Amino acid sequence: MGRQKQPDEKPGYRKYSQKSLSRAMDLITKEKMTTYRAAKLCGVPQQTLRDRVRGKVSPSRSTSGPLPILSVQQERSLVQHIKDCASLGFTYSRKELVTLASELINRD
C-alpha cells in the first residue's frame, strides 16, 4: 500500500509555504547561503529559488500561469451580464464571449 498523507502535509503541487520561501530567500540573500543548502533546509525546490534570485520570477509572485487580463470588477460585470442574458434565454458562444470580454477591456 502507498504512503499515507499526514494531516498537516500539503497535497501535490507546491508543497512549501510562502513563509518557507521567504526564509530561504533571506538565507540566500542576507546570509549568503547556497541555493542548494537553503532549498534543502527550507523544503523549497532549488529551481524555484534560483528563478527568484536571478530575477526570472518576482520574489513576491505566488501564483503560476499568466496574469489575469480582466480586473475583478470587469470579470464580475461580465459574469452578471451573462447571467442576466441566460435568465432571459439568450446564450453566447465561446467566440461571442471572447468578443464581449475584448470589448470590455478596450472600453475601460
# chains A, B, ... in the order shown; residues from 1 in each chain; ligands from 1

call {"tool": "residues_around", "arguments": {"residues": "His81 of chain A", "least_positions_apart": "2", "cutoff": "12 Å", "atoms": "only C-alpha atoms", "output": "list in words"}}
result
Gln74, Glu75, Arg76, Ser77, Leu78, Val79, Lys83, Asp84, Cys85, Ala86, Ser87, Leu88, Phe90, Thr91, Tyr92, Leu97, Leu100, Ala101 and Leu104 of chain A

call {"tool": "residues_around", "arguments": {"residues": "Gln47 of chain A", "least_positions_apart": "5", "cutoff": "9 Å", "atoms": "only C-alpha atoms", "output": "list of chain:residue names"}}
result
A:Thr35, A:Ala39, A:Arg52

call {"tool": "write_last_selection", "arguments": {"atoms": "all heavy atoms", "output": "compact mmCIF listing (two decimals), in the first residue's frame"}}
result
# COMPACT_ATOMS: atom_id res chain seq x y z
N THR A 35 21.98 28.17 -2.86
CA THR A 35 20.59 27.81 -3.14
C THR A 35 20.33 26.35 -2.81
O THR A 35 19.26 26.00 -2.32
CB THR A 35 20.21 28.08 -4.61
OG1 THR A 35 21.13 27.42 -5.47
CG2 THR A 35 20.18 29.55 -4.92
N ALA A 39 17.54 25.43 -0.12
CA ALA A 39 16.43 24.62 -0.61
C ALA A 39 16.22 23.40 0.27
O ALA A 39 15.10 23.07 0.65
CB ALA A 39 16.70 24.19 -2.06
N ARG A 52 13.96 32.97 -8.64
CA ARG A 52 13.69 34.20 -7.89
C ARG A 52 14.96 35.00 -7.63
O ARG A 52 14.97 36.23 -7.74
CB ARG A 52 12.95 33.87 -6.60
CG ARG A 52 11.48 33.60 -6.89
CD ARG A 52 10.76 32.97 -5.73
NE ARG A 52 9.32 32.92 -5.95
CZ ARG A 52 8.71 32.12 -6.80
NH1 ARG A 52 9.40 31.29 -7.55
NH2 ARG A 52 7.39 32.13 -6.92

call {"tool": "select_by_dssp", "arguments": {"residues": "segment 5-95 of chain A", "states": "alpha helix (DSSP H)", "output": "MDAnalysis selection string"}}
result
chainID A and resid 18:29 35:42 46:53 72:87 94:95

call {"tool": "atom_distance", "arguments": {"atom1": "atom CA of Asp51 of chain A", "atom2": "atom CA of Ser22 of chain A"}}
result
13.6 Å

call {"tool": "residues_around", "arguments": {"residues": "Val44 of chain A", "least_positions_apart": "3", "cutoff": "12 Å", "atoms": "only C-alpha atoms", "output": "JSON, numbers by chain"}}
result
{"A": [13, 14, 15, 16, 17, 18, 19, 20, 21, 22, 23, 24, 25, 35, 36, 37, 38, 39, 40, 41, 47, 48, 49, 50, 51, 52]}

call {"tool": "write_last_selection", "arguments": {"atoms": "C-alpha atoms", "output": "PDB file, in the first residue's frame"}}
result
ATOM      1  CA  TYR A  13       1.798  20.743  -6.260  1.00  0.00           C
ATOM      2  CA  ARG A  14       3.721  23.396  -4.318  1.00  0.00           C
ATOM      3  CA  LYS A  15       4.310  21.609  -1.026  1.00  0.00           C
ATOM      4  CA  TYR A  16       6.078  24.576   0.572  1.00  0.00           C
ATOM      5  CA  SER A  17       4.623  27.661   2.227  1.00  0.00           C
ATOM      6  CA  GLN A  18       5.213  31.305   1.374  1.00  0.00           C
ATOM      7  CA  LYS A  19       6.949  31.589   4.757  1.00  0.00           C
ATOM      8  CA  SER A  20       9.417  28.807   3.803  1.00  0.00           C
ATOM      9  CA  LEU A  21      10.115  30.533   0.503  1.00  0.00           C
ATOM     10  CA  SER A  22      10.743  33.870   2.233  1.00  0.00           C
ATOM     11  CA  ARG A  23      13.043  32.218   4.768  1.00  0.00           C
ATOM     12  CA  ALA A  24      15.015  30.503   2.000  1.00  0.00           C
ATOM     13  CA  MET A  25      15.345  33.787   0.082  1.00  0.00           C
ATOM     14  CA  THR A  35      20.587  27.807  -3.140  1.00  0.00           C
ATOM     15  CA  TYR A  36      21.173  24.081  -2.733  1.00  0.00           C
ATOM     16  CA  ARG A  37      21.572  24.334   1.043  1.00  0.00           C
ATOM     17  CA  ALA A  38      18.700  26.817   1.509  1.00  0.00           C
ATOM     18  CA  ALA A  39      16.433  24.615  -0.615  1.00  0.00           C
ATOM     19  CA  LYS A  40      17.208  21.536   1.477  1.00  0.00           C
ATOM     20  CA  LEU A  41      16.875  23.408   4.760  1.00  0.00           C
ATOM     21  CA  GLN A  47      14.864  25.824  -9.300  1.00  0.00           C
ATOM     22  CA  THR A  48      12.194  27.953  -7.630  1.00  0.00           C
ATOM     23  CA  LEU A  49      14.854  29.674  -5.546  1.00  0.00           C
ATOM     24  CA  ARG A  50      17.224  30.081  -8.487  1.00  0.00           C
ATOM     25  CA  ASP A  51      14.500  31.685 -10.615  1.00  0.00           C
ATOM     26  CA  ARG A  52      13.688  34.199  -7.894  1.00  0.00           C
TER      27      ARG A  52
END
